[in-house]
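One file, data-v2.cif, is given below (mmCIF, C-alpha atoms, pLDDT in the B column; chains and numbers go by the auth columns).
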data_start
loop_
_atom_site.group_PDB
_atom_site.id
_atom_site.type_symbol
_atom_site.label_atom_id
_atom_site.label_comp_id
_atom_site.label_asym_id
_atom_site.label_seq_id
_atom_site.Cartn_x
_atom_site.Cartn_y
_atom_site.Cartn_z
_atom_site.B_iso_or_equiv
_atom_site.auth_seq_id
_atom_site.auth_asym_id
ATOM 1 C CA VAL A 1 17.337 -12.360 -23.989 47.00 904 A
ATOM 2 C CA LYS A 2 14.962 -11.983 -26.927 57.00 905 A
ATOM 3 C CA ALA A 3 11.857 -10.563 -25.254 59.00 906 A
ATOM 4 C CA GLY A 4 10.148 -9.372 -28.444 64.00 907 A
ATOM 5 C CA LEU A 5 9.631 -5.842 -27.104 60.00 908 A
ATOM 6 C CA ASP A 6 9.769 -4.448 -30.647 63.00 909 A
ATOM 7 C CA LYS A 7 6.303 -5.928 -31.145 66.00 910 A
ATOM 8 C CA PHE A 8 4.938 -3.631 -28.398 62.00 911 A
ATOM 9 C CA PHE A 9 6.687 -0.353 -29.185 63.00 912 A
ATOM 10 C CA GLU A 10 6.856 1.486 -32.496 62.00 913 A
ATOM 11 C CA GLN A 11 9.999 3.464 -31.700 61.00 914 A
ATOM 12 C CA ARG A 12 13.398 2.109 -30.732 64.00 915 A
ATOM 13 C CA PHE A 13 14.329 2.099 -27.071 70.00 916 A
ATOM 14 C CA ILE A 14 17.187 1.389 -24.696 73.00 917 A
ATOM 15 C CA ILE A 15 16.506 -0.496 -21.480 73.00 918 A
ATOM 16 C CA GLN A 16 17.370 1.953 -18.724 71.00 919 A
ATOM 17 C CA ASN A 17 20.903 1.289 -17.502 71.00 920 A
ATOM 18 C CA ASN A 18 21.601 4.298 -15.292 70.00 921 A
ATOM 19 C CA LYS A 19 22.461 3.991 -11.628 72.00 922 A
ATOM 20 C CA THR A 20 19.661 2.807 -9.360 77.00 923 A
ATOM 21 C CA GLN A 21 18.986 5.477 -6.753 86.00 924 A
ATOM 22 C CA MET A 22 16.420 7.021 -4.451 90.00 925 A
ATOM 23 C CA ILE A 23 16.953 10.729 -3.790 91.00 926 A
ATOM 24 C CA VAL A 24 15.298 12.823 -1.097 94.00 927 A
ATOM 25 C CA ASP A 25 15.112 16.189 -2.847 94.00 928 A
ATOM 26 C CA PRO A 26 14.570 19.309 -0.667 94.00 929 A
ATOM 27 C CA MET A 27 13.829 21.336 -3.837 95.00 930 A
ATOM 28 C CA ILE A 28 10.557 19.431 -4.436 96.00 931 A
ATOM 29 C CA HIS A 29 7.726 20.948 -2.381 94.00 932 A
ATOM 30 C CA GLY A 30 4.637 19.171 -1.079 95.00 933 A
ATOM 31 C CA LEU A 31 4.009 15.440 -0.781 97.00 934 A
ATOM 32 C CA VAL A 32 5.505 14.469 -4.144 97.00 935 A
ATOM 33 C CA VAL A 33 7.156 11.382 -5.640 97.00 936 A
ATOM 34 C CA ILE A 34 8.710 11.548 -9.128 96.00 937 A
ATOM 35 C CA ILE A 35 9.509 8.175 -10.670 93.00 938 A
ATOM 36 C CA THR A 36 11.704 7.808 -13.744 90.00 939 A
ATOM 37 C CA GLY A 37 12.244 4.069 -13.674 84.00 940 A
ATOM 38 C CA ASN A 38 15.434 3.334 -11.738 82.00 941 A
ATOM 39 C CA GLU A 39 15.529 6.850 -10.289 88.00 942 A
ATOM 40 C CA ILE A 40 13.062 7.892 -7.612 92.00 943 A
ATOM 41 C CA TYR A 41 12.886 11.461 -6.327 94.00 944 A
ATOM 42 C CA ILE A 42 10.971 12.012 -3.088 96.00 945 A
ATOM 43 C CA SER A 43 10.208 15.384 -1.579 97.00 946 A
ATOM 44 C CA LYS A 44 11.706 16.011 1.847 96.00 947 A
ATOM 45 C CA ASP A 45 8.204 16.841 3.108 96.00 948 A
ATOM 46 C CA LEU A 46 6.963 13.383 2.174 96.00 949 A
ATOM 47 C CA TYR A 47 10.048 11.512 3.381 96.00 950 A
ATOM 48 C CA ASP A 48 9.978 13.273 6.767 96.00 951 A
ATOM 49 C CA HIS A 49 6.184 13.132 7.224 96.00 952 A
ATOM 50 C CA GLU A 50 5.306 11.508 10.537 96.00 953 A
ATOM 51 C CA TYR A 51 2.485 9.437 9.026 97.00 954 A
ATOM 52 C CA ILE A 52 4.244 8.156 5.898 97.00 955 A
ATOM 53 C CA GLU A 53 6.874 5.413 6.109 95.00 956 A
ATOM 54 C CA VAL A 54 9.037 5.059 2.975 94.00 957 A
ATOM 55 C CA THR A 55 11.070 1.908 2.411 91.00 958 A
ATOM 56 C CA ASN A 56 13.055 0.955 -0.665 86.00 959 A
ATOM 57 C CA SER A 57 14.462 -2.359 -1.832 78.00 960 A
ATOM 58 C CA MET A 58 17.955 -0.857 -1.869 63.00 961 A
ATOM 59 C CA GLU A 59 17.701 0.042 1.821 60.00 962 A
ATOM 60 C CA ASN A 60 16.151 -3.135 3.170 59.00 963 A
ATOM 61 C CA SER A 61 17.665 -5.920 1.120 53.00 964 A
ATOM 62 C CA GLY A 62 16.667 -9.286 2.480 51.00 965 A
ATOM 63 C CA ALA A 63 13.775 -7.910 4.518 48.00 966 A
ATOM 64 C CA ASN A 64 11.251 -8.771 1.788 54.00 967 A
ATOM 65 C CA SER A 65 10.760 -12.108 0.158 62.00 968 A
ATOM 66 C CA ASN A 66 11.877 -12.183 -3.450 73.00 969 A
ATOM 67 C CA PRO A 67 9.971 -9.291 -5.129 70.00 970 A
ATOM 68 C CA LYS A 68 10.577 -10.877 -8.536 79.00 971 A
ATOM 69 C CA SER A 69 8.323 -13.756 -7.491 83.00 972 A
ATOM 70 C CA LEU A 70 5.350 -11.524 -8.374 85.00 973 A
ATOM 71 C CA TYR A 71 6.299 -11.653 -12.063 88.00 974 A
ATOM 72 C CA ASN A 72 3.540 -13.174 -14.182 88.00 975 A
ATOM 73 C CA PRO A 73 4.479 -14.034 -17.797 86.00 976 A
ATOM 74 C CA GLU A 74 0.825 -13.631 -18.855 87.00 977 A
ATOM 75 C CA VAL A 75 0.749 -9.942 -17.847 88.00 978 A
ATOM 76 C CA PHE A 76 3.201 -7.739 -19.749 84.00 979 A
ATOM 77 C CA SER A 77 3.460 -5.008 -17.084 87.00 980 A
ATOM 78 C CA THR A 78 4.843 -7.465 -14.550 89.00 981 A
ATOM 79 C CA LEU A 79 8.074 -7.419 -16.571 87.00 982 A
ATOM 80 C CA ALA A 80 8.820 -4.434 -14.313 88.00 983 A
ATOM 81 C CA TYR A 81 9.367 -6.886 -11.439 87.00 984 A
ATOM 82 C CA LEU A 82 12.270 -8.440 -13.356 86.00 985 A
ATOM 83 C CA ILE A 83 13.893 -5.287 -14.748 84.00 986 A
ATOM 84 C CA CYS A 84 13.299 -2.632 -12.076 83.00 987 A
ATOM 85 C CA GLN A 85 15.778 -2.659 -9.184 76.00 988 A
ATOM 86 C CA ASN A 86 13.790 -0.115 -7.163 80.00 989 A
ATOM 87 C CA HIS A 87 10.775 -1.547 -5.372 87.00 990 A
ATOM 88 C CA THR A 88 9.450 1.269 -3.186 91.00 991 A
ATOM 89 C CA MET A 89 6.789 1.025 -0.476 93.00 992 A
ATOM 90 C CA PHE A 90 4.783 3.869 1.035 96.00 993 A
ATOM 91 C CA ASN A 91 3.052 2.888 4.262 97.00 994 A
ATOM 92 C CA ILE A 92 0.449 5.500 5.259 97.00 995 A
ATOM 93 C CA VAL A 93 -0.253 5.111 8.958 97.00 996 A
ATOM 94 C CA GLY A 94 -2.076 8.352 9.885 96.00 997 A
ATOM 95 C CA GLU A 95 -4.357 11.056 8.506 95.00 998 A
ATOM 96 C CA ILE A 96 -2.749 13.289 5.880 94.00 999 A
ATOM 97 C CA GLU A 97 -4.351 16.657 5.213 92.00 1000 A
ATOM 98 C CA GLU A 98 -3.216 17.052 1.583 95.00 1001 A
ATOM 99 C CA PRO A 99 -3.015 14.802 -1.494 97.00 1002 A
ATOM 100 C CA ILE A 100 0.043 12.731 -2.334 98.00 1003 A
ATOM 101 C CA TYR A 101 1.286 13.300 -5.909 98.00 1004 A
ATOM 102 C CA ILE A 102 2.961 10.425 -7.756 97.00 1005 A
ATOM 103 C CA LYS A 103 4.435 11.349 -11.153 96.00 1006 A
ATOM 104 C CA TYR A 104 5.717 8.700 -13.571 92.00 1007 A
ATOM 105 C CA MET A 105 8.006 9.989 -16.332 90.00 1008 A
ATOM 106 C CA SER A 106 9.872 8.385 -19.199 85.00 1009 A
ATOM 107 C CA ASP A 107 12.575 9.842 -21.389 81.00 1010 A
ATOM 108 C CA TYR A 108 12.949 9.475 -25.139 81.00 1011 A
ATOM 109 C CA GLU A 109 14.229 6.132 -26.448 80.00 1012 A
ATOM 110 C CA CYS A 110 14.293 4.573 -22.978 82.00 1013 A
ATOM 111 C CA PHE A 111 12.294 1.736 -21.478 84.00 1014 A
ATOM 112 C CA HIS A 112 11.468 2.828 -17.907 87.00 1015 A
ATOM 113 C CA ASN A 113 10.129 0.329 -15.368 89.00 1016 A
ATOM 114 C CA SER A 114 8.837 1.014 -11.855 89.00 1017 A
ATOM 115 C CA VAL A 115 7.313 -0.975 -9.006 91.00 1018 A
ATOM 116 C CA LEU A 116 5.430 0.720 -6.153 93.00 1019 A
ATOM 117 C CA VAL A 117 3.390 -0.456 -3.181 94.00 1020 A
ATOM 118 C CA VAL A 118 1.093 1.952 -1.331 97.00 1021 A
ATOM 119 C CA ASN A 119 -0.395 0.581 1.880 97.00 1022 A
ATOM 120 C CA VAL A 120 -3.209 2.579 3.509 97.00 1023 A
ATOM 121 C CA ALA A 121 -3.645 1.613 7.184 97.00 1024 A
ATOM 122 C CA SER A 122 -7.017 0.849 8.758 97.00 1025 A
ATOM 123 C CA GLY A 123 -9.362 3.805 9.227 96.00 1026 A
ATOM 124 C CA ILE A 124 -7.261 6.252 7.151 96.00 1027 A
ATOM 125 C CA ASP A 125 -8.700 8.489 4.400 97.00 1028 A
ATOM 126 C CA VAL A 126 -6.136 9.250 1.646 97.00 1029 A
ATOM 127 C CA GLU A 127 -6.207 11.128 -1.645 98.00 1030 A
ATOM 128 C CA ILE A 128 -3.571 10.264 -4.255 98.00 1031 A
ATOM 129 C CA VAL A 129 -3.039 11.970 -7.622 97.00 1032 A
ATOM 130 C CA GLU A 130 -1.117 10.013 -10.267 95.00 1033 A
ATOM 131 C CA GLU A 131 0.379 11.646 -13.351 94.00 1034 A
ATOM 132 C CA PHE A 132 1.821 9.695 -16.285 91.00 1035 A
ATOM 133 C CA GLU A 133 3.940 11.577 -18.812 87.00 1036 A
ATOM 134 C CA SER A 134 5.008 9.048 -21.399 82.00 1037 A
ATOM 135 C CA CYS A 135 7.565 10.220 -23.962 82.00 1038 A
ATOM 136 C CA CYS A 136 8.665 6.675 -24.686 81.00 1039 A
ATOM 137 C CA ALA A 137 8.078 3.179 -23.351 81.00 1040 A
ATOM 138 C CA LEU A 138 6.877 3.357 -19.754 84.00 1041 A
ATOM 139 C CA ASN A 139 5.998 0.265 -17.754 87.00 1042 A
ATOM 140 C CA ALA A 140 4.814 0.316 -14.142 90.00 1043 A
ATOM 141 C CA VAL A 141 3.240 -1.901 -11.531 92.00 1044 A
ATOM 142 C CA THR A 142 1.517 -0.043 -8.704 93.00 1045 A
ATOM 143 C CA ASN A 143 -0.028 -2.006 -5.865 94.00 1046 A
ATOM 144 C CA TYR A 144 -2.576 -0.228 -3.666 96.00 1047 A
ATOM 145 C CA ILE A 145 -3.555 -2.022 -0.479 96.00 1048 A
ATOM 146 C CA VAL A 146 -6.526 -0.455 1.306 97.00 1049 A
ATOM 147 C CA GLN A 147 -6.929 -1.904 4.786 97.00 1050 A
ATOM 148 C CA SER A 148 -10.283 -2.317 6.552 96.00 1051 A
ATOM 149 C CA ASP A 149 -12.325 0.876 7.104 96.00 1052 A
ATOM 150 C CA ALA A 150 -9.809 2.910 5.048 97.00 1053 A
ATOM 151 C CA ARG A 151 -10.659 5.060 2.014 97.00 1054 A
ATOM 152 C CA LEU A 152 -8.533 5.702 -1.071 97.00 1055 A
ATOM 153 C CA HIS A 153 -9.529 8.410 -3.561 97.00 1056 A
ATOM 154 C CA LEU A 154 -7.344 8.038 -6.659 97.00 1057 A
ATOM 155 C CA THR A 155 -7.185 10.494 -9.573 96.00 1058 A
ATOM 156 C CA THR A 156 -5.055 9.724 -12.637 94.00 1059 A
ATOM 157 C CA PHE A 157 -3.904 12.121 -15.365 93.00 1060 A
ATOM 158 C CA TYR A 158 -1.996 10.736 -18.310 89.00 1061 A
ATOM 159 C CA ALA A 159 -0.417 12.054 -21.523 84.00 1062 A
ATOM 160 C CA ASN A 160 0.833 9.639 -24.172 77.00 1063 A
ATOM 161 C CA ASN A 161 3.127 11.604 -26.499 74.00 1064 A
ATOM 162 C CA LEU A 162 4.634 10.760 -29.895 66.00 1065 A
ATOM 163 C CA SER A 163 3.038 7.329 -30.178 65.00 1066 A
ATOM 164 C CA ALA A 164 4.589 6.376 -26.868 68.00 1067 A
ATOM 165 C CA MET A 165 2.984 3.585 -24.908 74.00 1068 A
ATOM 166 C CA SER A 166 2.397 3.286 -21.190 79.00 1069 A
ATOM 167 C CA PHE A 167 1.565 0.090 -19.409 85.00 1070 A
ATOM 168 C CA CYS A 168 0.483 0.385 -15.794 88.00 1071 A
ATOM 169 C CA LEU A 169 -0.731 -2.655 -13.926 90.00 1072 A
ATOM 170 C CA ARG A 170 -2.643 -1.195 -10.998 92.00 1073 A
ATOM 171 C CA ASN A 171 -3.422 -3.871 -8.434 92.00 1074 A
ATOM 172 C CA VAL A 172 -5.973 -2.644 -5.904 94.00 1075 A
ATOM 173 C CA ILE A 173 -6.598 -4.841 -2.874 95.00 1076 A
ATOM 174 C CA VAL A 174 -9.547 -3.547 -0.866 96.00 1077 A
ATOM 175 C CA GLN A 175 -10.204 -5.143 2.521 95.00 1078 A
ATOM 176 C CA GLU A 176 -13.596 -5.450 4.201 92.00 1079 A
ATOM 177 C CA SER A 177 -15.477 -2.156 4.831 95.00 1080 A
ATOM 178 C CA ALA A 178 -12.852 -0.180 2.868 96.00 1081 A
ATOM 179 C CA LYS A 179 -13.697 2.177 -0.026 97.00 1082 A
ATOM 180 C CA TYR A 180 -11.875 2.865 -3.291 96.00 1083 A
ATOM 181 C CA SER A 181 -12.729 5.406 -5.993 96.00 1084 A
ATOM 182 C CA HIS A 182 -10.845 6.238 -9.193 94.00 1085 A
ATOM 183 C CA ILE A 183 -11.212 9.117 -11.679 94.00 1086 A
ATOM 184 C CA LEU A 184 -9.197 9.069 -14.911 90.00 1087 A
ATOM 185 C CA PHE A 185 -8.383 11.987 -17.253 90.00 1088 A
ATOM 186 C CA GLY A 186 -6.134 11.582 -20.240 85.00 1089 A
ATOM 187 C CA LYS A 187 -4.689 12.635 -23.582 80.00 1090 A
ATOM 188 C CA GLY A 188 -3.941 9.946 -26.111 70.00 1091 A
ATOM 189 C CA SER A 189 -5.367 6.464 -26.477 64.00 1092 A
ATOM 190 C CA SER A 190 -5.845 4.300 -23.449 65.00 1093 A
ATOM 191 C CA ASN A 191 -7.350 1.032 -22.320 64.00 1094 A
ATOM 192 C CA VAL A 192 -8.262 1.075 -18.653 65.00 1095 A
ATOM 193 C CA LEU A 193 -9.597 -1.682 -16.451 62.00 1096 A
ATOM 194 C CA ASP A 194 -9.991 -1.282 -12.687 57.00 1097 A
#
Take the structure in the file and write it out as structure tokens.
Amino acid sequence: VKAGLDKFFEQRFIIQNNKTQMIVDPMIHGLVVIITGNEIYISKDLYDHEYIEVTNSMENSGANSNPKSLYNPEVFSTLAYLICQNHTMFNIVGEIEEPIYIKYMSDYECFHNSVLVVNVASGIDVEIVEEFESCCALNAVTNYIVQSDARLHLTTFYANNLSAMSFCLRNVIVQESAKYSHILFGKGSSNVLD
């Protein structure tokens, strides 16, 4: 398929072809998720937390409707729906006393794609810290759903290195009486629209 990706990225890249996997890593401490496209590393603390439910498209095939149906040819980042085989959902159902850290990483000469859904249940107050470290082409769709009377405090740090480009489509759905705030800190050029 001739997608014309060379028009977006200055450096050459290889579409990530490594094994799709989700790993619960006991060596990662705290409530941490590290996403490198097809590979997702989740701390044992987060995976075992009583108020966080983690589901992955590899574990519950058929339970969701077709996740690729959310692809929109007018929005480049949604290409992640077609390429990424890991669609991961974090359902937060109770109060958490510390922030959740989500780190997106790309490797050199690779095109990494990720799709995440974070659902914050009604009446819950959550703080999430995102970190983007882009060494090559990184492409992500992150959907935040904030249910009624819930609060989401989001902080994003990003570093675009070596003329690398990051595309993150951040869909935020805020229900009635819910609150959402976002602070962004970065190194390298960026266009941001919330």
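Evaluated on this file, the PyMOL selection byres ((chain A and resi 991) around 6) matches Thr958, Asn959, His990, Met992 and Leu1019 of chain A.
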Exercise. Between CA of Ile918 (chain A) and CA of Cys1038 (chain A), what is the distance, to one decimal in Å?
Worked result: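 Answer for the CA of Ile918 (chain A) to CA of Cys1038 (chain A) separation: 14.2 Å.
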Do you know which residues are at most 9 Å from Cys1071 (chain A) counting all atoms listed in the file, after dropping those on the same chain fewer than 6 positions away, and could you put them as a PyMOL selection string? chain A and resi 980+1041-1045
Quiz item: Is there a way to get, as a list in words, all residues within 7 Å of the point (-4.3, 10.3, -9.2) in file coordinates, counting all atoms listed in the file?
Solution: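 Output: Ile1031, Val1032, Glu1033, Glu1034, Leu1057, Thr1058, Thr1059 and Phe1060 of chain A.
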message = Around (0.4, 0.7, -1.2), as given in the file, which residues come within 9 Å? Count only C-alpha atoms and list them as an MDAnalysis selection string.
response = chainID A and resid 992:995 1019:1023 1045:1049 1075
**OP:** Identify which of the residues A:Ile938, A:Asp928, A:Glu1001, A:Val1018 lies closest to Ser1037 (chain A), counting only C-alpha atoms when measuring atom-to-atom distances.
**Re:**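 The answer is A:Ile938, which sits nearest to Ser1037 (chain A).
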How big is the axis-aligned box around the listed atoms of region 1079-1083 of chain A once 5 Å is added on each side, and where is its centre? Give both in Å to one decimal, as AutoDock Vina command-line options.
--center_x -13.7 --center_y -1.3 --center_z 0.8 --size_x 13.6 --size_y 18.3 --size_z 18.1
I need the residue nearest Leu982 (chain A) from this list: A:Ser1069, A:Ser1009, A:Ser960, A:Asn1016. Use all atoms listed in the file for the distance.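 Selected residue with least distance to Leu982 (chain A): A:Asn1016.
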Please rebuild region 1057-1078 of chain A with N, CA and C atoms and return the result as a PDB file, in the coordinates of the input.
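Result saved to out.pdb:
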ATOM      1  N   LEU A1057      -8.434   8.005  -5.691  1.00 97.00           N
ATOM      2  CA  LEU A1057      -7.344   8.038  -6.659  1.00 97.00           C
ATOM      3  C   LEU A1057      -7.783   8.812  -7.900  1.00 97.00           C
ATOM      4  N   THR A1058      -6.951   9.752  -8.331  1.00 96.00           N
ATOM      5  CA  THR A1058      -7.185  10.494  -9.573  1.00 96.00           C
ATOM      6  C   THR A1058      -5.952  10.320 -10.454  1.00 96.00           C
ATOM      7  N   THR A1059      -6.169   9.970 -11.718  1.00 94.00           N
ATOM      8  CA  THR A1059      -5.055   9.724 -12.637  1.00 94.00           C
ATOM      9  C   THR A1059      -5.155  10.653 -13.838  1.00 94.00           C
ATOM     10  N   PHE A1060      -4.044  11.323 -14.152  1.00 93.00           N
ATOM     11  CA  PHE A1060      -3.904  12.121 -15.365  1.00 93.00           C
ATOM     12  C   PHE A1060      -2.815  11.464 -16.201  1.00 93.00           C
ATOM     13  N   TYR A1061      -3.060  11.316 -17.491  1.00 89.00           N
ATOM     14  CA  TYR A1061      -1.996  10.736 -18.310  1.00 89.00           C
ATOM     15  C   TYR A1061      -1.890  11.476 -19.638  1.00 89.00           C
ATOM     16  N   ALA A1062      -0.681  11.483 -20.203  1.00 84.00           N
ATOM     17  CA  ALA A1062      -0.417  12.054 -21.523  1.00 84.00           C
ATOM     18  C   ALA A1062       0.515  11.110 -22.261  1.00 84.00           C
ATOM     19  N   ASN A1063       0.004  10.494 -23.327  1.00 77.00           N
ATOM     20  CA  ASN A1063       0.833   9.639 -24.172  1.00 77.00           C
ATOM     21  C   ASN A1063       1.290  10.467 -25.372  1.00 77.00           C
ATOM     22  N   ASN A1064       2.577  10.729 -25.464  1.00 74.00           N
ATOM     23  CA  ASN A1064       3.127  11.604 -26.499  1.00 74.00           C
ATOM     24  C   ASN A1064       3.882  10.815 -27.561  1.00 74.00           C
ATOM     25  N   LEU A1065       3.822  11.296 -28.792  1.00 66.00           N
ATOM     26  CA  LEU A1065       4.634  10.760 -29.895  1.00 66.00           C
ATOM     27  C   LEU A1065       4.528   9.248 -30.028  1.00 66.00           C
ATOM     28  N   SER A1066       3.346   8.763 -30.057  1.00 65.00           N
ATOM     29  CA  SER A1066       3.038   7.329 -30.178  1.00 65.00           C
ATOM     30  C   SER A1066       3.718   6.488 -29.098  1.00 65.00           C
ATOM     31  N   ALA A1067       4.006   7.123 -27.988  1.00 68.00           N
ATOM     32  CA  ALA A1067       4.589   6.376 -26.868  1.00 68.00           C
ATOM     33  C   ALA A1067       3.513   5.513 -26.231  1.00 68.00           C
ATOM     34  N   MET A1068       3.941   4.471 -25.549  1.00 74.00           N
ATOM     35  CA  MET A1068       2.984   3.585 -24.908  1.00 74.00           C
ATOM     36  C   MET A1068       3.297   3.492 -23.427  1.00 74.00           C
ATOM     37  N   SER A1069       2.248   3.476 -22.631  1.00 79.00           N
ATOM     38  CA  SER A1069       2.397   3.286 -21.190  1.00 79.00           C
ATOM     39  C   SER A1069       1.610   2.062 -20.781  1.00 79.00           C
ATOM     40  N   PHE A1070       2.247   1.220 -20.005  1.00 85.00           N
ATOM     41  CA  PHE A1070       1.565   0.090 -19.409  1.00 85.00           C
ATOM     42  C   PHE A1070       1.645   0.273 -17.898  1.00 85.00           C
ATOM     43  N   CYS A1071       0.501   0.314 -17.256  1.00 88.00           N
ATOM     44  CA  CYS A1071       0.483   0.385 -15.794  1.00 88.00           C
ATOM     45  C   CYS A1071      -0.457  -0.691 -15.293  1.00 88.00           C
ATOM     46  N   LEU A1072       0.099  -1.649 -14.589  1.00 90.00           N
ATOM     47  CA  LEU A1072      -0.731  -2.655 -13.926  1.00 90.00           C
ATOM     48  C   LEU A1072      -1.017  -2.115 -12.529  1.00 90.00           C
ATOM     49  N   ARG A1073      -2.258  -1.775 -12.287  1.00 92.00           N
ATOM     50  CA  ARG A1073      -2.643  -1.195 -10.998  1.00 92.00           C
ATOM     51  C   ARG A1073      -3.418  -2.262 -10.231  1.00 92.00           C
ATOM     52  N   ASN A1074      -2.750  -2.892  -9.295  1.00 92.00           N
ATOM     53  CA  ASN A1074      -3.422  -3.871  -8.434  1.00 92.00           C
ATOM     54  C   ASN A1074      -4.010  -3.143  -7.242  1.00 92.00           C
ATOM     55  N   VAL A1075      -5.320  -3.281  -7.035  1.00 94.00           N
ATOM     56  CA  VAL A1075      -5.973  -2.644  -5.904  1.00 94.00           C
ATOM     57  C   VAL A1075      -6.585  -3.742  -5.038  1.00 94.00           C
ATOM     58  N   ILE A1076      -6.088  -3.840  -3.827  1.00 95.00           N
ATOM     59  CA  ILE A1076      -6.598  -4.841  -2.874  1.00 95.00           C
ATOM     60  C   ILE A1076      -7.376  -4.081  -1.808  1.00 95.00           C
ATOM     61  N   VAL A1077      -8.679  -4.286  -1.780  1.00 96.00           N
ATOM     62  CA  VAL A1077      -9.547  -3.547  -0.866  1.00 96.00           C
ATOM     63  C   VAL A1077     -10.080  -4.519   0.172  1.00 96.00           C
ATOM     64  N   GLN A1078      -9.749  -4.275   1.433  1.00 95.00           N
ATOM     65  CA  GLN A1078     -10.204  -5.143   2.521  1.00 95.00           C
ATOM     66  C   GLN A1078     -11.651  -4.817   2.894  1.00 95.00           C
TER      67      GLN A1078
END
